[in-house]
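Working notes, beginning with the structure itself.
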Amino acid sequence: ATEPLILGIESSCDETGVGVVRGTQLLTNTVSSSMDEHVRFGGVIPEIASRAHLEAFVPTLQAALAEADVSLEDVDAIAVTAGPGLSGALMVGVAAAKALAVATGKPLFAINHLVAHVGVGLIGRAPADGLPPALGALLVSGGHTEILRVVDIAGDVELLGSTIDDAAGEAYDKTARILGLGYPGGPAIDRVAADGDPKAIRFPRGLSQPKYMGTAEEPGPHRYDWSFSGLKTAVARSVEQYEAAGREVPVADIAASFQEAVVDVVTSKAVLACQEHGITDLLLGGGVAANRRLRELAQERCAAAGITLTVPPISLCTDNGAMVAALGAQLVRSGRSPSGIAFGTNPSLPV
Ligand code: KG4
Ligand code: ZN
């Protein structure tokens, strides 16, 4: 039997994404971003994002269908992000997906954006019945930093650890603001850090002290958790000290040292959680997974620990419709019932 053809729609933040997959094969990943309109405000403005989705949706859909060389009639099911994300932005994509589903009679699946961020790592793999049994996922995005055990990508995902305050992406964005690097901060720090010394300043690795870590036999209260708010404060203090001393702020060194602190603690705790839960296959996902140093160190540490790491191409790490389609395909394959057309959006949907 041929694999199901799935159309995926994403509109949770500033990216209008339409992707098409056939099973685990990617046919297109078409994205239109309104980021340019948000930059001068230093953050995504929900009202502007919603309007941009409304304008971009149909052209993005048409471009995606053309590139995949399929028509709506060919599609077996439609999948759409129902949360988490910006309420008004989610509603544009969900309303559009419902209209398409009603007009074409295709089944519609409500998708969890967070699970889709890690499910996208299954693109290009052998069909789902070949999924490794000990699968984990490291989700690092603008709103979430979590290490997960994936029992069943179609709905059974267990949280092993998470940030107790800021998400990794949030830490990048806030730190970039402190350093005057603008918005969005992640890509800016990634770029600037390339010219800095990651060992220039030893910034704190949150929740790494023995009282939080405990031991494998007797885990402490935050063995697999992260904290990034102290790191952001340490960066601010460092900048203040240079300024108070009338010295030039070494932006590249601070950016590189900050990045090293994030990436060091993210990868070390993720690997530890995998080792102590028998996880041998790890999917990396979320916007921060686009970070070059994170990709490099995660690969290095997983290899040393005997863990097979899947790092999606950068275009599949930041928000997109292909990840929604990819998870939709897994739901269809698992024989899940469609979501109907009466579901709502959930801006704070957990994994
Ligand atoms: O997953 P995503 O696109 O949106 C959410 O679902 O949150 O993640 C956005 C986050 C932002 O905080 C952005 O600064 C960060 O991902 N990001 C990066 C990089 N590219 C995007 N962080 C570090 N390095 C990057 N290259
Ligand atoms: Zn996202």
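Identifiers in this document derive from the order of the structure tokens: chains are assigned A, B, ..., residues are numbered from 1 separately in each chain, and ligands are numbered from 1 in order of occurrence.
Omitting Pro84 in chain A and its sequence neighbours fewer than 4 positions away, and counting only C-alpha atoms, the residues within 7 Å are Ser12, Asn112, His113, Asn346, Pro347, Ser348 and Leu349 of chain A.
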- prompt: Hey, which residues come within 8 Å of ligand 2 if we count only C-alpha atoms and all ligand atoms? Could you give them as a PyMOL selection string?
  reply: chain A and resi 12-13+113-114+117+141-143+286-287+317-320
So that I have them on file, write out the residues from the current selection with C-alpha atoms, as a short mmCIF file (atom, residue, chain, number, x, y, z; two decimals), in the first residue's frame.
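Below is the file selection-v4.cif, written as the result:
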```cif
data_model
loop_
_atom_site.label_atom_id
_atom_site.label_comp_id
_atom_site.auth_asym_id
_atom_site.auth_seq_id
_atom_site.Cartn_x
_atom_site.Cartn_y
_atom_site.Cartn_z
CA SER A 12 1.21 29.08 16.06
CA CYS A 13 3.59 32.06 15.97
CA HIS A 113 3.12 21.72 18.06
CA LEU A 114 5.65 20.51 20.64
CA HIS A 117 8.88 19.60 16.74
CA SER A 141 12.33 26.05 21.57
CA GLY A 142 11.28 29.60 22.37
CA GLY A 143 8.79 28.45 24.98
CA GLY A 286 12.69 23.01 18.28
CA GLY A 287 13.96 26.40 17.11
CA CYS A 317 13.92 22.92 13.30
CA THR A 318 12.25 26.33 13.19
CA ASP A 319 8.45 26.41 12.91
CA ASN A 320 7.09 24.81 9.74
#
```
Please report as a Markdown table every residue of chain A lying within 10 Å of ligand 1, along with the nearest atom pair and their distance in Å (one decimal), using only C-alpha atoms and all ligand atoms.
```
| residue | atom | partner | partner_atom_place_in_ligand_line | distance |
| --- | --- | --- | --- | --- |
| A:Ser12 | CA | ligand 1 | 6 (O) | 7.6 |
| A:Cys13 | CA | ligand 1 | 4 (O) | 7.0 |
| A:Asp14 | CA | ligand 1 | 4 (O) | 8.6 |
| A:Glu15 | CA | ligand 1 | 3 (O) | 8.3 |
| A:Gly43 | CA | ligand 1 | 12 (O) | 9.9 |
| A:Gly83 | CA | ligand 1 | 6 (O) | 9.9 |
| A:Pro84 | CA | ligand 1 | 6 (O) | 8.1 |
| A:Gly85 | CA | ligand 1 | 6 (O) | 7.3 |
| A:His113 | CA | ligand 1 | 6 (O) | 7.3 |
| A:Leu114 | CA | ligand 1 | 6 (O) | 7.1 |
| A:His117 | CA | ligand 1 | 1 (O) | 7.2 |
| A:Leu139 | CA | ligand 1 | 1 (O) | 8.6 |
| A:Val140 | CA | ligand 1 | 1 (O) | 7.1 |
| A:Ser141 | CA | ligand 1 | 8 (O) | 4.0 |
| A:Gly142 | CA | ligand 1 | 7 (O) | 3.2 |
| A:Gly143 | CA | ligand 1 | 7 (O) | 4.6 |
| A:His144 | CA | ligand 1 | 7 (O) | 6.8 |
| A:Thr145 | CA | ligand 1 | 7 (O) | 9.6 |
| A:Ala167 | CA | ligand 1 | 12 (O) | 8.0 |
| A:Ala168 | CA | ligand 1 | 12 (O) | 7.1 |
| A:Gly169 | CA | ligand 1 | 12 (O) | 3.3 |
| A:Glu170 | CA | ligand 1 | 12 (O) | 4.9 |
| A:Ala171 | CA | ligand 1 | 12 (O) | 7.5 |
| A:Tyr172 | CA | ligand 1 | 14 (O) | 5.8 |
| A:Asp173 | CA | ligand 1 | 14 (O) | 5.2 |
| A:Lys174 | CA | ligand 1 | 12 (O) | 8.9 |
| A:Ala176 | CA | ligand 1 | 14 (O) | 8.9 |
| A:Tyr183 | CA | ligand 1 | 14 (O) | 7.7 |
| A:Pro184 | CA | ligand 1 | 14 (O) | 5.0 |
| A:Gly185 | CA | ligand 1 | 14 (O) | 4.7 |
| A:Gly186 | CA | ligand 1 | 22 (N) | 3.3 |
| A:Pro187 | CA | ligand 1 | 26 (N) | 4.0 |
| A:Ala188 | CA | ligand 1 | 26 (N) | 7.5 |
| A:Ile189 | CA | ligand 1 | 24 (N) | 6.7 |
| A:Asp190 | CA | ligand 1 | 24 (N) | 5.0 |
| A:Arg191 | CA | ligand 1 | 26 (N) | 7.7 |
| A:Gln259 | CA | ligand 1 | 23 (C) | 8.3 |
| A:Val262 | CA | ligand 1 | 23 (C) | 9.8 |
| A:Val263 | CA | ligand 1 | 23 (C) | 9.6 |
| A:Gly285 | CA | ligand 1 | 1 (O) | 7.8 |
| A:Gly286 | CA | ligand 1 | 1 (O) | 4.1 |
| A:Gly287 | CA | ligand 1 | 8 (O) | 3.4 |
| A:Val288 | CA | ligand 1 | 22 (N) | 3.8 |
| A:Ala289 | CA | ligand 1 | 19 (C) | 6.9 |
| A:Ala290 | CA | ligand 1 | 26 (N) | 4.5 |
| A:Asn291 | CA | ligand 1 | 24 (N) | 3.6 |
| A:Arg292 | CA | ligand 1 | 26 (N) | 6.3 |
| A:Arg293 | CA | ligand 1 | 24 (N) | 8.2 |
| A:Leu294 | CA | ligand 1 | 24 (N) | 8.0 |
| A:Arg295 | CA | ligand 1 | 24 (N) | 9.6 |
| A:Ile314 | CA | ligand 1 | 20 (N) | 8.5 |
| A:Ser315 | CA | ligand 1 | 3 (O) | 9.9 |
| A:Leu316 | CA | ligand 1 | 3 (O) | 9.4 |
| A:Cys317 | CA | ligand 1 | 1 (O) | 6.7 |
| A:Thr318 | CA | ligand 1 | 3 (O) | 3.9 |
| A:Asp319 | CA | ligand 1 | 3 (O) | 4.4 |
| A:Asn320 | CA | ligand 1 | 3 (O) | 8.2 |
```
Take the selection from the previous step and output its residues with C-alpha atoms, as a tab-separated table (two decimals), in the first residue's frame.
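Saved as again.tsv:
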```tsv
chain	number	residue	atom	x	y	z
A	12	SER	CA	1.21	29.08	16.06
A	13	CYS	CA	3.59	32.06	15.97
A	14	ASP	CA	5.03	34.17	13.15
A	15	GLU	CA	5.50	31.42	10.53
A	43	GLY	CA	9.12	40.53	19.89
A	83	GLY	CA	-1.56	24.52	20.30
A	84	PRO	CA	0.44	25.69	22.07
A	85	GLY	CA	1.01	29.14	20.60
A	113	HIS	CA	3.12	21.72	18.06
A	114	LEU	CA	5.65	20.51	20.64
A	117	HIS	CA	8.88	19.60	16.74
A	139	LEU	CA	12.90	19.77	22.71
A	140	VAL	CA	14.52	23.20	22.78
A	141	SER	CA	12.33	26.05	21.57
A	142	GLY	CA	11.28	29.60	22.37
A	143	GLY	CA	8.79	28.45	24.98
A	144	HIS	CA	10.00	24.98	26.01
A	145	THR	CA	13.10	23.08	27.07
A	167	ALA	CA	13.17	28.23	28.03
A	168	ALA	CA	16.53	28.01	26.25
A	169	GLY	CA	15.24	30.13	23.34
A	170	GLU	CA	13.90	32.70	25.77
A	171	ALA	CA	17.33	32.87	27.42
A	172	TYR	CA	18.92	33.47	24.00
A	173	ASP	CA	16.40	36.19	23.19
A	174	LYS	CA	16.74	37.96	26.57
A	176	ALA	CA	20.68	39.13	22.99
A	183	TYR	CA	15.57	40.34	17.95
A	184	PRO	CA	15.27	37.42	17.34
A	185	GLY	CA	18.18	36.75	19.63
A	186	GLY	CA	18.99	33.12	18.96
A	187	PRO	CA	20.32	33.50	15.43
A	188	ALA	CA	22.10	36.76	16.43
A	189	ILE	CA	23.99	35.12	19.31
A	190	ASP	CA	24.76	32.08	17.15
A	191	ARG	CA	26.39	34.42	14.62
A	259	GLN	CA	26.06	30.01	24.52
A	262	VAL	CA	23.43	26.88	27.74
A	263	VAL	CA	24.63	24.21	25.36
A	285	GLY	CA	13.95	19.43	17.85
A	286	GLY	CA	12.69	23.01	18.28
A	287	GLY	CA	13.96	26.40	17.11
A	288	VAL	CA	17.11	26.34	19.27
A	289	ALA	CA	18.07	23.05	17.58
A	290	ALA	CA	19.08	25.33	14.70
A	291	ASN	CA	21.98	26.50	16.88
A	292	ARG	CA	25.32	25.45	15.43
A	293	ARG	CA	27.13	24.91	18.73
A	294	LEU	CA	24.22	22.91	20.18
A	295	ARG	CA	24.12	20.68	17.09
A	314	ILE	CA	17.69	23.71	10.10
A	315	SER	CA	14.62	24.40	7.92
A	316	LEU	CA	12.79	21.67	9.85
A	317	CYS	CA	13.92	22.92	13.30
A	318	THR	CA	12.25	26.33	13.19
A	319	ASP	CA	8.45	26.41	12.91
A	320	ASN	CA	7.09	24.81	9.74
```
message: I need the residues in range 90-265 of chain A that are alpha helix (DSSP H) according to DSSP; give them as an NGL selection string.
response: :A and (90-104 or 113-119 or 168-178 or 185-193 or 210-213 or 229-244 or 251-265)
query: Near Ala63 in chain A, within 12 Å and counting only C-alpha atoms, which residues show up once chain neighbours fewer than 5 positions away are dropped, as number ranges by chain?
result: A: 17-20, 28-32, 56-58, 68-71
Keeping only C-alpha atoms, write the selected residues as a PDB file, in the first residue's frame.
```pdb
ATOM      1  CA  GLY A  17       3.782  26.906   7.208  1.00  0.00           C
ATOM      2  CA  VAL A  18       2.293  24.379   4.821  1.00  0.00           C
ATOM      3  CA  GLY A  19       4.041  21.050   4.405  1.00  0.00           C
ATOM      4  CA  VAL A  20       3.225  17.874   2.530  1.00  0.00           C
ATOM      5  CA  THR A  28       7.470  20.133   0.430  1.00  0.00           C
ATOM      6  CA  ASN A  29       8.050  22.514   3.316  1.00  0.00           C
ATOM      7  CA  THR A  30       6.752  25.954   2.358  1.00  0.00           C
ATOM      8  CA  VAL A  31       7.036  28.756   4.920  1.00  0.00           C
ATOM      9  CA  SER A  32       6.121  32.432   4.922  1.00  0.00           C
ATOM     10  CA  ALA A  56      -0.228  34.442   3.656  1.00  0.00           C
ATOM     11  CA  PHE A  57      -2.239  31.269   4.114  1.00  0.00           C
ATOM     12  CA  VAL A  58      -3.760  30.733   0.666  1.00  0.00           C
ATOM     13  CA  ALA A  68       4.668  18.860  -4.054  1.00  0.00           C
ATOM     14  CA  ASP A  69       2.849  18.433  -7.370  1.00  0.00           C
ATOM     15  CA  VAL A  70      -0.346  17.260  -5.676  1.00  0.00           C
ATOM     16  CA  SER A  71      -3.894  18.592  -5.488  1.00  0.00           C
TER      17      SER A  71
END
```
- prompt: How would you write, as a list of chain:residue names, the set of residues in range 214-313 of chain A that DSSP gives as strand (DSSP E)?
  reply: A:Asp281, A:Leu282, A:Leu283, A:Leu284, A:Gly285, A:Thr308, A:Leu309, A:Thr310
File of the preceding selection, C-alpha atoms, as a CSV table (one decimal), in the first residue's frame:
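Final output, saved to again04.csv:
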```csv
chain,number,residue,atom,x,y,z
A,281,ASP,CA,18.0,7.0,20.1
A,282,LEU,CA,17.4,10.7,20.6
A,283,LEU,CA,15.6,13.2,18.4
A,284,LEU,CA,16.6,16.8,18.7
A,285,GLY,CA,14.0,19.4,17.9
A,308,THR,CA,22.1,7.8,18.1
A,309,LEU,CA,21.2,11.4,17.6
A,310,THR,CA,18.9,12.7,14.9
```
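Residue neighbourhood of Leu272 in chain A, excluding near-sequence residues (fewer than 6 positions): Gly136, Leu138, Ile147, Leu160, Gly161, Ser208, Met213, Thr215, Ala216, Pro219, Arg223, Tyr224, Asp225, Val265, Val266, Gly278, Ile279, Thr280, Ala298, Arg301, Cys302, Ala304, Ala305, Gly306 and Ile307 of chain A, at 12 Å, using only C-alpha atoms.
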- prompt: Residues at most 12 Å from Lys98 in chain A, counting only C-alpha atoms, excluding those fewer than 2 positions away in the same chain, as a ChimeraX atom specification?
  reply: /A:9,77-82,91-96,100-110,339-345
field: CA of Gly182 in chain A to CA of Arg205 in chain A, distance in Å rounded to a single decimal
entry: 24.3 Å
- request: Write out as JSON, numbers by chain the residues lying within 7 Å of Ile123 in chain A, counting only C-alpha atoms and excluding same-chain residues fewer than 2 positions away.
  value: {"A": [24, 25, 26, 120, 121, 125, 326]}
Selection to disk with C-alpha atoms, as a compact mmCIF listing (two decimals), in the first residue's frame:
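Saved to selection.txt:
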```txt
# COMPACT_ATOMS: atom_id res chain seq x y z
CA THR A 24 7.92 9.68 6.23
CA GLN A 25 8.92 11.21 2.89
CA LEU A 26 9.03 15.02 2.68
CA VAL A 120 9.83 15.86 12.47
CA GLY A 121 12.99 13.88 13.23
CA ARG A 125 13.31 7.23 8.30
CA ALA A 326 4.95 14.37 9.66
```
query: In terms of the shortest atom-to-atom distance over only C-alpha atoms, which of A:Ala270, A:Leu231, A:Val351, A:Ala89 is closest to Asp156 in chain A?
result: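 Ranking A:Ala270, A:Leu231, A:Val351, A:Ala89 by distance to Asp156 in chain A, first place goes to A:Val351.
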task: Pick out the closest residue to Glu146 in chain A from this set: A:Ala200, A:Ala273, A:Ala329, A:Ala99. Count only C-alpha atoms.
output: A:Ala273
